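Comments concern the structure below.
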Amino acid sequence: MLTKLYDWIDERLDITPLWRDIADHEVPEHVNPAHHFSAFVYCFGGLTFFVVVIQILSGMFLMMYYVPDVERAWESVYYLQNQVAYGQIVRGMHHWGASIVIVMMFLHTLRVFFQGAYKKPRELNWIVGVLIFFVMLGLGLTGYLLPWDMKAVFATKVTLEIAQSTPLIGDLLKTLLAGDEHIIGAQTLTRFFAIHVFFLPAALLVLIGLHFLMIRKQGISGPL
Amino acid sequence: MIIASIDYFDYDENVLLTKTGGIGLEKQDKQQVTRRQFLVYTLMGVGGFMLSSITLPNLRFAADPVLQPKEGSDLINTNLKVDELTNEPKKVEFSFKQKDGWYEKETTQFAWVYKDENGEIIAHSPVCKHLGCNVEWNSSENHPNMYFCPCHKGLYYKDGENVPNTPPRAPLDRYDYEIRDGYLYLSTRAKEVKG
């Protein structure tokens with residue numbers, strides 16, 4: 001049945017070369033933990049992506065209950081965590097995933113760094129990786145404010161003051177981020193929400209696409 | 001054939017090639033815009049216009065808070081008679097409606113207010129210049145008659161000047177004030193003290 005469906009589509013659109021190109025390729029022996037257990041260090045990049053997928057999925061579902069409004073944000077988070085079935089699980093995934101993704105990304109970076117895998121011809125992929133790192137930090141930072149509890153607000157206050165200490169454009173930057181010159185409030189919350197949910201994920205997907213495109217084009221770096 | 005006798009135009013070289021009696025080629029004015037160039041410019045112009053009409057409104061929209069005119073600081077009645085002020089800093093609370101975009105909320109702030117030797121009123125913001133906690137007057141037993149910040153033990157003298165070798169690196173901000181019918185009015189935003 002499924003085969004027939006696949007053949008029916010393939011006959012019309014010739015999709016086999018498409019997915020073969022993406023998925024059908026050999027894993028070299030030196031990166032396969034089945035051959036050398038120490039090759040598990042090559043898993044961190046993939047694990048980072050895996051957690052990113054979890055973050056996107058759980059985030060999409062959290063948005064079914066969350067409201068980015070100063071009066072209701074905290075209560076909506078409280079409700080979705082404590083009243084909605086599996087709320088603790090879904091919010092827990094997003095909460096812990098946010099930390100784990102940073103850890104995985106850091107380990108991936110360490111592996112690439114200590115194996116020298118960033119060297120020619122893979123410099124561009126290193127640069128894109130660093131950009132991904134910044135986007136991830138931005139996601140963690142903007143997401144931190146959304147529950148709108150005391151910890152979130154004061155952490156954001158600190159962040160905005162750090163932004164404000166930028167030479168020359170500090171004040172502008174702070175106002176641009178916070179939405180108001182003095183207040184961390186309604187406008188800050190909606191801004192951070194938009195950045196967290198649309199702007200940064202869009203940037204992240206583009207960068208990850210480039211990251212994967214380059215690794216497929218150049219192949220994984222050789223054994224040490 | 002007829003075609004052979006017709007002048008033709010080399011679009012890439014921007015040269016009109018004329019076969020005159022089968023000998024030689026005549027070059028025309030180099031300034032002339034070719035059809036190809038014209039189309040490229042037109043497409044770039046139209047494309048640029050379309051792109052900017054999509055992006056510019058959005059960018060202006062996002063940057064609006066930065067470009068808003070700076071709001072003046074309103075003066076708020078503290079319901080405190082100026083006669084009640086002494087040499088000793090007094091905690092004065094005042095409430096006002098704070099506008100945060102579409103969201104308005106009753107907000108309460110306080111100030112440390114006293115009269116100095118010349119009878120001049122000084123109204124300090126309680127916000128510590130180190131990391132933004134609230135300072136208290138005379139709350140540390142070891143440091144009498146000073147403003148004390150409990151977070152990192154920052155200290156200020158009565159005139160708001162920061163005590164050297166404590167965390168704060170600037171004097172306390174001051175509220176503007178006004179006296180109307182004997183009552184003290186304070187500004188919603190405190191100002192930095194220069195120097």
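Every chain in the structure tokens takes a letter, A first, then B, and so on in the order presented; its residues are numbered from 1, and the ligands are numbered from 1 following the presented order.
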Run DSSP on the backbone and tell me which residues of stretch 1-218 of chain A come out as alpha helix (DSSP H); list them as a tab-separated table (two decimals) with N, CA and C atoms, in the first residue's frame.
chain	number	residue	atom	x	y	z
A	2	LEU	N	1.75	1.35	1.01
A	2	LEU	CA	2.63	2.52	1.08
A	2	LEU	C	3.58	2.56	-0.11
A	3	THR	N	4.08	1.35	-0.47
A	3	THR	CA	4.97	1.27	-1.62
A	3	THR	C	4.28	1.77	-2.87
A	4	LYS	N	3.01	1.36	-3.00
A	4	LYS	CA	2.25	1.77	-4.18
A	4	LYS	C	2.09	3.28	-4.22
A	5	LEU	N	1.78	3.82	-3.04
A	5	LEU	CA	1.60	5.27	-2.94
A	5	LEU	C	2.91	5.99	-3.31
A	6	TYR	N	4.02	5.45	-2.75
A	6	TYR	CA	5.32	6.05	-3.04
A	6	TYR	C	5.60	5.99	-4.54
A	7	ASP	N	5.37	4.79	-5.13
A	7	ASP	CA	5.64	4.64	-6.55
A	7	ASP	C	4.78	5.59	-7.39
A	8	TRP	N	3.53	5.75	-6.96
A	8	TRP	CA	2.62	6.63	-7.68
A	8	TRP	C	3.16	8.06	-7.70
A	9	ILE	N	3.61	8.51	-6.51
A	9	ILE	CA	4.16	9.87	-6.43
A	9	ILE	C	5.48	9.97	-7.19
A	10	ASP	N	6.34	8.94	-6.98
A	10	ASP	CA	7.67	8.96	-7.59
A	10	ASP	C	7.58	8.99	-9.11
A	11	GLU	N	6.61	8.25	-9.63
A	11	GLU	CA	6.44	8.20	-11.08
A	11	GLU	C	6.17	9.58	-11.66
A	12	ARG	N	5.45	10.39	-10.87
A	12	ARG	CA	5.08	11.72	-11.36
A	12	ARG	C	6.12	12.78	-11.03
A	13	LEU	N	6.75	12.69	-9.84
A	13	LEU	CA	7.63	13.78	-9.39
A	13	LEU	C	9.10	13.38	-9.31
A	16	THR	N	12.83	10.21	-5.77
A	16	THR	CA	13.91	9.37	-5.23
A	16	THR	C	15.26	10.09	-5.18
A	17	PRO	N	15.70	10.73	-6.27
A	17	PRO	CA	17.00	11.42	-6.18
A	17	PRO	C	17.02	12.50	-5.12
A	18	LEU	N	15.85	13.13	-4.88
A	18	LEU	CA	15.78	14.21	-3.89
A	18	LEU	C	16.16	13.70	-2.50
A	19	TRP	N	15.45	12.67	-2.03
A	19	TRP	CA	15.74	12.22	-0.65
A	19	TRP	C	17.03	11.45	-0.58
A	20	ARG	N	17.41	10.74	-1.68
A	20	ARG	CA	18.71	10.05	-1.70
A	20	ARG	C	19.83	11.05	-1.45
A	21	ASP	N	19.70	12.19	-2.12
A	21	ASP	CA	20.71	13.22	-2.00
A	21	ASP	C	20.87	13.69	-0.55
A	22	ILE	N	19.73	13.75	0.16
A	22	ILE	CA	19.77	14.25	1.53
A	22	ILE	C	20.16	13.14	2.51
A	23	ALA	N	19.57	11.96	2.35
A	23	ALA	CA	19.64	10.96	3.42
A	23	ALA	C	20.56	9.79	3.11
A	44	PHE	N	27.39	15.11	18.96
A	44	PHE	CA	26.84	16.29	19.63
A	44	PHE	C	26.13	17.26	18.69
A	45	GLY	N	26.66	17.39	17.46
A	45	GLY	CA	25.99	18.26	16.51
A	45	GLY	C	24.58	17.77	16.21
A	46	GLY	N	24.48	16.47	15.95
A	46	GLY	CA	23.17	15.87	15.68
A	46	GLY	C	22.24	15.99	16.87
A	47	LEU	N	22.82	15.80	18.08
A	47	LEU	CA	21.99	15.92	19.29
A	47	LEU	C	21.49	17.36	19.45
A	48	THR	N	22.34	18.32	19.13
A	48	THR	CA	21.90	19.72	19.19
A	48	THR	C	20.69	19.91	18.29
A	49	PHE	N	20.78	19.40	17.07
A	49	PHE	CA	19.66	19.54	16.15
A	49	PHE	C	18.42	18.83	16.68
A	50	PHE	N	18.63	17.65	17.27
A	50	PHE	CA	17.50	16.90	17.84
A	50	PHE	C	16.79	17.72	18.91
A	51	VAL	N	17.56	18.35	19.79
A	51	VAL	CA	16.95	19.17	20.84
A	51	VAL	C	16.27	20.40	20.23
A	52	VAL	N	16.86	20.95	19.18
A	52	VAL	CA	16.23	22.09	18.51
A	52	VAL	C	14.84	21.69	17.99
A	53	VAL	N	14.75	20.50	17.43
A	53	VAL	CA	13.44	20.02	16.95
A	53	VAL	C	12.46	19.92	18.12
A	54	ILE	N	12.94	19.39	19.25
A	54	ILE	CA	12.07	19.30	20.44
A	54	ILE	C	11.62	20.70	20.85
A	55	GLN	N	12.55	21.65	20.82
A	55	GLN	CA	12.22	23.01	21.25
A	55	GLN	C	11.15	23.62	20.34
A	56	ILE	N	11.31	23.43	19.04
A	56	ILE	CA	10.34	24.00	18.11
A	56	ILE	C	8.97	23.36	18.32
A	57	LEU	N	8.95	22.03	18.46
A	57	LEU	CA	7.67	21.35	18.65
A	57	LEU	C	7.00	21.76	19.97
A	58	SER	N	7.74	21.66	21.08
A	58	SER	CA	7.12	21.99	22.36
A	58	SER	C	6.74	23.45	22.41
A	59	GLY	N	7.54	24.30	21.78
A	59	GLY	CA	7.22	25.73	21.73
A	59	GLY	C	5.93	25.99	20.99
A	60	MET	N	5.74	25.31	19.87
A	60	MET	CA	4.50	25.47	19.11
A	60	MET	C	3.29	25.11	19.96
A	61	PHE	N	3.42	24.03	20.74
A	61	PHE	CA	2.28	23.61	21.55
A	61	PHE	C	2.08	24.52	22.76
A	62	LEU	N	3.17	25.03	23.32
A	62	LEU	CA	3.02	25.97	24.45
A	62	LEU	C	2.23	27.20	24.03
A	73	ALA	N	0.32	36.81	31.38
A	73	ALA	CA	1.39	35.88	30.98
A	73	ALA	C	1.68	34.86	32.08
A	74	TRP	N	1.91	35.36	33.28
A	74	TRP	CA	2.29	34.46	34.36
A	74	TRP	C	1.19	33.45	34.63
A	75	GLU	N	-0.05	33.94	34.66
A	75	GLU	CA	-1.16	33.04	34.96
A	75	GLU	C	-1.36	32.01	33.86
A	76	SER	N	-1.13	32.42	32.61
A	76	SER	CA	-1.29	31.45	31.52
A	76	SER	C	-0.23	30.36	31.62
A	77	VAL	N	0.99	30.76	32.03
A	77	VAL	CA	2.04	29.75	32.21
A	77	VAL	C	1.70	28.84	33.38
A	78	TYR	N	1.21	29.44	34.47
A	78	TYR	CA	0.82	28.67	35.65
A	78	TYR	C	-0.27	27.67	35.28
A	79	TYR	N	-1.23	28.16	34.51
A	79	TYR	CA	-2.35	27.31	34.10
A	79	TYR	C	-1.88	26.16	33.22
A	80	LEU	N	-1.09	26.49	32.20
A	80	LEU	CA	-0.70	25.42	31.27
A	80	LEU	C	0.18	24.38	31.96
A	81	GLN	N	0.91	24.83	32.99
A	81	GLN	CA	1.78	23.87	33.67
A	81	GLN	C	1.01	23.01	34.67
A	82	ASN	N	0.04	23.61	35.35
A	82	ASN	CA	-0.58	22.90	36.45
A	82	ASN	C	-1.99	22.39	36.18
A	87	GLY	N	0.96	19.26	31.01
A	87	GLY	CA	1.53	20.60	30.96
A	87	GLY	C	2.94	20.64	31.50
A	88	GLN	N	3.16	19.91	32.61
A	88	GLN	CA	4.50	19.88	33.18
A	88	GLN	C	5.49	19.27	32.21
A	89	ILE	N	5.03	18.25	31.47
A	89	ILE	CA	5.92	17.58	30.53
A	89	ILE	C	6.29	18.53	29.39
A	90	VAL	N	5.27	19.17	28.82
A	90	VAL	CA	5.52	20.00	27.64
A	90	VAL	C	6.35	21.22	28.03
A	91	ARG	N	5.98	21.87	29.14
A	91	ARG	CA	6.79	23.02	29.55
A	91	ARG	C	8.16	22.55	30.02
A	92	GLY	N	8.18	21.39	30.67
A	92	GLY	CA	9.45	20.83	31.11
A	92	GLY	C	10.39	20.57	29.95
A	93	MET	N	9.84	20.02	28.85
A	93	MET	CA	10.67	19.78	27.67
A	93	MET	C	11.30	21.07	27.20
A	94	HIS	N	10.46	22.13	27.12
A	94	HIS	CA	10.95	23.41	26.60
A	94	HIS	C	11.96	24.03	27.57
A	95	HIS	N	11.65	23.92	28.85
A	95	HIS	CA	12.52	24.52	29.87
A	95	HIS	C	13.88	23.82	29.91
A	96	TRP	N	13.87	22.49	30.06
A	96	TRP	CA	15.14	21.77	30.18
A	96	TRP	C	15.85	21.71	28.84
A	97	GLY	N	15.07	21.59	27.77
A	97	GLY	CA	15.66	21.56	26.45
A	97	GLY	C	16.48	22.80	26.17
A	98	ALA	N	16.00	23.94	26.68
A	98	ALA	CA	16.70	25.21	26.46
A	98	ALA	C	18.11	25.15	27.04
A	99	SER	N	18.25	24.49	28.19
A	99	SER	CA	19.59	24.37	28.78
A	99	SER	C	20.40	23.30	28.05
A	100	ILE	N	19.74	22.18	27.75
A	100	ILE	CA	20.46	21.06	27.15
A	100	ILE	C	21.01	21.45	25.77
A	101	VAL	N	20.23	22.24	25.04
A	101	VAL	CA	20.67	22.61	23.70
A	101	VAL	C	21.96	23.43	23.76
A	102	ILE	N	22.07	24.26	24.80
A	102	ILE	CA	23.30	25.05	24.96
A	102	ILE	C	24.46	24.12	25.30
A	103	VAL	N	24.22	23.16	26.18
A	103	VAL	CA	25.27	22.21	26.57
A	103	VAL	C	25.74	21.41	25.35
A	104	MET	N	24.79	20.87	24.59
A	104	MET	CA	25.13	20.06	23.42
A	104	MET	C	25.92	20.89	22.40
A	105	MET	N	25.44	22.12	22.21
A	105	MET	CA	26.09	22.98	21.24
A	105	MET	C	27.53	23.27	21.68
A	106	PHE	N	27.69	23.46	22.99
A	106	PHE	CA	29.02	23.74	23.53
A	106	PHE	C	29.95	22.54	23.32
A	107	LEU	N	29.42	21.32	23.60
A	107	LEU	CA	30.24	20.12	23.41
A	107	LEU	C	30.60	19.95	21.93
A	108	HIS	N	29.63	20.21	21.05
A	108	HIS	CA	29.87	20.14	19.61
A	108	HIS	C	30.98	21.12	19.20
A	109	THR	N	30.90	22.33	19.76
A	109	THR	CA	31.91	23.34	19.47
A	109	THR	C	33.28	22.88	19.95
A	110	LEU	N	33.33	22.31	21.16
A	110	LEU	CA	34.59	21.82	21.71
A	110	LEU	C	35.20	20.75	20.79
A	111	ARG	N	34.36	19.82	20.34
A	111	ARG	CA	34.84	18.75	19.47
A	111	ARG	C	35.45	19.34	18.20
A	112	VAL	N	34.70	20.24	17.58
A	112	VAL	CA	35.18	20.84	16.34
A	112	VAL	C	36.47	21.61	16.59
A	113	PHE	N	36.52	22.27	17.74
A	113	PHE	CA	37.70	23.07	18.05
A	113	PHE	C	38.92	22.19	18.27
A	114	PHE	N	38.78	21.17	19.14
A	114	PHE	CA	39.96	20.39	19.51
A	114	PHE	C	40.39	19.43	18.40
A	123	GLU	N	36.17	26.83	7.15
A	123	GLU	CA	36.11	28.07	7.95
A	123	GLU	C	34.72	28.68	7.93
A	124	LEU	N	34.09	28.68	6.75
A	124	LEU	CA	32.77	29.31	6.63
A	124	LEU	C	31.75	28.60	7.51
A	125	ASN	N	31.86	27.29	7.59
A	125	ASN	CA	30.92	26.56	8.42
A	125	ASN	C	31.12	26.86	9.90
A	126	TRP	N	32.36	27.10	10.28
A	126	TRP	CA	32.64	27.52	11.65
A	126	TRP	C	31.97	28.87	11.93
A	127	ILE	N	32.09	29.78	10.97
A	127	ILE	CA	31.50	31.11	11.16
A	127	ILE	C	29.98	31.00	11.31
A	128	VAL	N	29.36	30.20	10.42
A	128	VAL	CA	27.91	30.01	10.53
A	128	VAL	C	27.56	29.38	11.87
A	129	GLY	N	28.41	28.44	12.32
A	129	GLY	CA	28.18	27.81	13.61
A	129	GLY	C	28.21	28.82	14.75
A	130	VAL	N	29.14	29.76	14.69
A	130	VAL	CA	29.22	30.78	15.73
A	130	VAL	C	27.96	31.66	15.70
A	131	LEU	N	27.47	31.96	14.48
A	131	LEU	CA	26.23	32.74	14.37
A	131	LEU	C	25.07	31.96	14.99
A	132	ILE	N	25.02	30.66	14.73
A	132	ILE	CA	23.98	29.82	15.36
A	132	ILE	C	24.08	29.92	16.87
A	133	PHE	N	25.31	29.89	17.37
A	133	PHE	CA	25.53	30.01	18.82
A	133	PHE	C	24.91	31.29	19.37
A	134	PHE	N	25.15	32.42	18.68
A	134	PHE	CA	24.58	33.69	19.13
A	134	PHE	C	23.06	33.67	19.07
A	135	VAL	N	22.51	33.11	17.99
A	135	VAL	CA	21.05	33.05	17.86
A	135	VAL	C	20.46	32.22	19.00
A	136	MET	N	21.13	31.12	19.32
A	136	MET	CA	20.66	30.27	20.42
A	136	MET	C	20.67	31.03	21.75
A	137	LEU	N	21.75	31.76	22.00
A	137	LEU	CA	21.82	32.55	23.23
A	137	LEU	C	20.68	33.58	23.25
A	138	GLY	N	20.42	34.17	22.08
A	138	GLY	CA	19.31	35.13	21.98
A	138	GLY	C	17.98	34.47	22.28
A	139	LEU	N	17.81	33.26	21.79
A	139	LEU	CA	16.57	32.53	22.05
A	139	LEU	C	16.41	32.25	23.55
A	140	GLY	N	17.51	31.82	24.18
A	140	GLY	CA	17.46	31.56	25.61
A	140	GLY	C	17.13	32.82	26.39
A	141	LEU	N	17.75	33.92	25.97
A	141	LEU	CA	17.56	35.19	26.66
A	141	LEU	C	16.13	35.70	26.53
A	142	THR	N	15.58	35.70	25.32
A	142	THR	CA	14.24	36.24	25.10
A	142	THR	C	13.19	35.31	25.71
A	143	GLY	N	13.45	34.00	25.67
A	143	GLY	CA	12.49	33.06	26.24
A	143	GLY	C	12.42	33.17	27.75
A	144	TYR	N	13.51	33.58	28.35
A	144	TYR	CA	13.60	33.67	29.81
A	144	TYR	C	12.59	34.66	30.37
A	145	LEU	N	12.28	35.69	29.60
A	145	LEU	CA	11.38	36.74	30.10
A	145	LEU	C	9.92	36.30	30.07
A	150	MET	N	9.31	37.18	38.73
A	150	MET	CA	10.29	38.14	39.21
A	150	MET	C	11.68	37.85	38.63
A	151	LYS	N	12.03	36.55	38.62
A	151	LYS	CA	13.33	36.15	38.10
A	151	LYS	C	13.50	36.62	36.66
A	152	ALA	N	12.43	36.41	35.87
A	152	ALA	CA	12.47	36.78	34.46
A	152	ALA	C	12.67	38.29	34.30
A	153	VAL	N	11.90	39.06	35.05
A	153	VAL	CA	11.95	40.51	34.89
A	153	VAL	C	13.31	41.06	35.30
A	154	PHE	N	13.84	40.54	36.42
A	154	PHE	CA	15.12	41.09	36.87
A	154	PHE	C	16.28	40.63	36.00
A	155	ALA	N	16.18	39.40	35.49
A	155	ALA	CA	17.21	38.95	34.55
A	155	ALA	C	17.20	39.84	33.31
A	156	THR	N	16.01	40.20	32.86
A	156	THR	CA	15.90	41.05	31.67
A	156	THR	C	16.40	42.46	31.97
A	157	LYS	N	16.14	42.92	33.22
A	157	LYS	CA	16.64	44.23	33.59
A	157	LYS	C	18.16	44.26	33.47
A	158	VAL	N	18.80	43.21	33.97
A	158	VAL	CA	20.26	43.12	33.88
A	158	VAL	C	20.70	43.11	32.42
A	159	THR	N	20.01	42.28	31.62
A	159	THR	CA	20.35	42.18	30.20
A	159	THR	C	20.27	43.53	29.51
A	160	LEU	N	19.17	44.24	29.78
A	160	LEU	CA	18.97	45.52	29.11
A	160	LEU	C	20.03	46.53	29.56
A	161	GLU	N	20.45	46.42	30.83
A	161	GLU	CA	21.49	47.33	31.29
A	161	GLU	C	22.82	47.00	30.62
A	162	ILE	N	23.04	45.71	30.36
A	162	ILE	CA	24.26	45.33	29.64
A	162	ILE	C	24.21	45.92	28.23
A	163	ALA	N	23.03	45.79	27.58
A	163	ALA	CA	22.88	46.35	26.23
A	163	ALA	C	23.09	47.86	26.27
A	164	GLN	N	22.60	48.49	27.34
A	164	GLN	CA	22.70	49.94	27.46
A	164	GLN	C	24.13	50.41	27.63
A	170	GLY	N	24.21	52.68	23.05
A	170	GLY	CA	23.63	51.91	24.14
A	170	GLY	C	22.18	52.25	24.45
A	171	ASP	N	21.89	53.56	24.59
A	171	ASP	CA	20.53	53.96	24.95
A	171	ASP	C	19.52	53.57	23.88
A	172	LEU	N	19.91	53.82	22.61
A	172	LEU	CA	19.04	53.45	21.49
A	172	LEU	C	18.75	51.95	21.50
A	173	LEU	N	19.82	51.19	21.69
A	173	LEU	CA	19.72	49.74	21.66
A	173	LEU	C	18.76	49.25	22.75
A	174	LYS	N	18.90	49.85	23.93
A	174	LYS	CA	18.06	49.43	25.04
A	174	LYS	C	16.58	49.73	24.73
A	175	THR	N	16.33	50.95	24.25
A	175	THR	CA	14.95	51.32	23.93
A	175	THR	C	14.38	50.44	22.83
A	176	LEU	N	15.24	50.13	21.86
A	176	LEU	CA	14.79	49.29	20.75
A	176	LEU	C	14.40	47.90	21.25
A	177	LEU	N	15.18	47.38	22.20
A	177	LEU	CA	14.89	46.05	22.74
A	177	LEU	C	13.69	46.07	23.68
A	178	ALA	N	13.66	47.09	24.56
A	178	ALA	CA	12.65	47.10	25.62
A	178	ALA	C	11.33	47.70	25.15
A	186	ALA	N	4.77	46.02	29.26
A	186	ALA	CA	3.93	45.40	28.24
A	186	ALA	C	4.64	45.33	26.89
A	187	GLN	N	5.30	46.45	26.53
A	187	GLN	CA	5.93	46.48	25.21
A	187	GLN	C	7.17	45.61	25.14
A	188	THR	N	7.87	45.50	26.30
A	188	THR	CA	9.04	44.62	26.34
A	188	THR	C	8.62	43.17	26.12
A	189	LEU	N	7.54	42.79	26.79
A	189	LEU	CA	7.08	41.40	26.73
A	189	LEU	C	6.68	41.01	25.30
A	190	THR	N	5.90	41.88	24.64
A	190	THR	CA	5.46	41.53	23.28
A	190	THR	C	6.65	41.50	22.32
A	191	ARG	N	7.59	42.41	22.53
A	191	ARG	CA	8.78	42.42	21.67
A	191	ARG	C	9.58	41.13	21.83
A	192	PHE	N	9.87	40.80	23.08
A	192	PHE	CA	10.64	39.59	23.33
A	192	PHE	C	9.91	38.37	22.80
A	193	PHE	N	8.59	38.39	22.93
A	193	PHE	CA	7.79	37.27	22.43
A	193	PHE	C	7.96	37.13	20.92
A	194	ALA	N	7.80	38.23	20.21
A	194	ALA	CA	7.93	38.19	18.75
A	194	ALA	C	9.33	37.74	18.34
A	200	LEU	N	14.00	35.04	15.70
A	200	LEU	CA	15.18	34.20	15.91
A	200	LEU	C	15.01	32.79	15.35
A	201	PRO	N	13.84	32.14	15.52
A	201	PRO	CA	13.71	30.82	14.89
A	201	PRO	C	13.88	30.87	13.37
A	202	ALA	N	13.39	31.92	12.74
A	202	ALA	CA	13.57	32.05	11.29
A	202	ALA	C	15.06	32.12	10.96
A	203	ALA	N	15.78	32.97	11.71
A	203	ALA	CA	17.22	33.09	11.49
A	203	ALA	C	17.90	31.76	11.75
A	204	LEU	N	17.46	31.08	12.80
A	204	LEU	CA	18.07	29.80	13.17
A	204	LEU	C	17.91	28.77	12.06
A	205	LEU	N	16.71	28.68	11.50
A	205	LEU	CA	16.46	27.68	10.46
A	205	LEU	C	17.31	27.96	9.22
A	206	VAL	N	17.42	29.23	8.86
A	206	VAL	CA	18.26	29.58	7.71
A	206	VAL	C	19.71	29.17	7.96
A	207	LEU	N	20.21	29.53	9.16
A	207	LEU	CA	21.61	29.23	9.49
A	207	LEU	C	21.86	27.73	9.56
A	208	ILE	N	20.93	27.00	10.18
A	208	ILE	CA	21.09	25.55	10.27
A	208	ILE	C	21.07	24.93	8.86
A	209	GLY	N	20.20	25.47	8.00
A	209	GLY	CA	20.16	25.01	6.61
A	209	GLY	C	21.53	25.17	5.95
A	210	LEU	N	22.13	26.34	6.13
A	210	LEU	CA	23.46	26.59	5.56
A	210	LEU	C	24.50	25.64	6.16
A	211	HIS	N	24.41	25.45	7.47
A	211	HIS	CA	25.33	24.58	8.20
A	211	HIS	C	25.30	23.17	7.59
A	212	PHE	N	24.10	22.66	7.36
A	212	PHE	CA	23.95	21.29	6.85
A	212	PHE	C	24.35	21.22	5.38
A	213	LEU	N	23.99	22.26	4.64
A	213	LEU	CA	24.36	22.30	3.22
A	213	LEU	C	25.87	22.21	3.07
A	214	MET	N	26.57	22.95	3.93
A	214	MET	CA	28.03	22.99	3.82
A	214	MET	C	28.65	21.66	4.24
A	215	ILE	N	28.10	21.04	5.27
A	215	ILE	CA	28.69	19.78	5.72
A	215	ILE	C	28.44	18.68	4.68
A	216	ARG	N	27.31	18.76	3.96
A	216	ARG	CA	27.05	17.77	2.91
A	216	ARG	C	27.98	18.01	1.72
A	217	LYS	N	28.21	19.27	1.44
A	217	LYS	CA	29.06	19.62	0.30
A	217	LYS	C	30.51	19.23	0.56
A	218	GLN	N	30.98	19.53	1.78
A	218	GLN	CA	32.40	19.34	2.08
A	218	GLN	C	32.70	18.00	2.71
Nearby residues (only C-alpha atoms) at most 9 Å from stretch 128-143 of chain B, same-chain spacing under 3 positions excluded, as a ChimeraX atom specification: /A:158 /B:89-91,112,125,146-152,154-156,158,162,167-173
Find the residue from B:Phe96, B:Phe61, B:Tyr177, B:Tyr185 that sits nearest to chain A; use only C-alpha atoms when measuring. B:Phe61
Residues of chain B at most 12 Å from chain A: nearest atom pair and distance in Å, only C-alpha atoms, as a tab-separated table:
residue	atom	partner	partner_atom	distance
B:Leu59	CA	A:Leu176	CA	11.2
B:Arg60	CA	A:Leu176	CA	11.3
B:Phe61	CA	A:Leu176	CA	11.0
B:Ala62	CA	A:Leu176	CA	7.7
B:Ala63	CA	A:Leu176	CA	6.3
B:Asp64	CA	A:Leu176	CA	8.2
B:Pro65	CA	A:Gly179	CA	5.4
B:Val66	CA	A:Thr175	CA	5.8
B:Leu67	CA	A:Leu172	CA	9.2
B:Gln68	CA	A:Asp180	CA	9.3
B:Pro69	CA	A:Glu181	CA	10.7
B:Lys70	CA	A:Glu181	CA	8.5
B:Glu71	CA	A:Glu181	CA	9.6
B:Ser73	CA	A:His182	CA	11.6
B:Gln98	CA	A:Ile183	CA	9.2
B:Lys99	CA	A:Ile183	CA	9.1
B:Asp100	CA	A:Ala186	CA	6.5
B:Gly101	CA	A:Gln187	CA	6.5
B:Trp102	CA	A:Ala186	CA	8.0
B:Tyr103	CA	A:Ala186	CA	6.7
B:Glu104	CA	A:Ala186	CA	9.5
B:Lys105	CA	A:Gly185	CA	10.4
B:Thr107	CA	A:Ile183	CA	11.4
B:Lys129	CA	A:Glu161	CA	11.9
B:His130	CA	A:Glu161	CA	11.3
B:Leu131	CA	A:Val158	CA	8.4
B:Gly132	CA	A:Lys157	CA	9.5
B:Cys133	CA	A:Phe154	CA	10.9
B:Thr188	CA	A:His182	CA	11.0
B:Arg189	CA	A:His182	CA	9.0
B:Ala190	CA	A:His182	CA	11.0
Quick one, how far is atom CA of A:Ser221 from atom CA of A:Ala117?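 About the pair atom CA of A:Ser221 and atom CA of A:Ala117: they are 5.9 Å apart.
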Determine, counting only C-alpha atoms, which protein, DNA and RNA residues have an atom within 8 Å of an atom of B:Thr78; residues of the same chain fewer than 5 positions away are not included. Present the result as a ChimeraX atom specification. /B:92-95,183-186
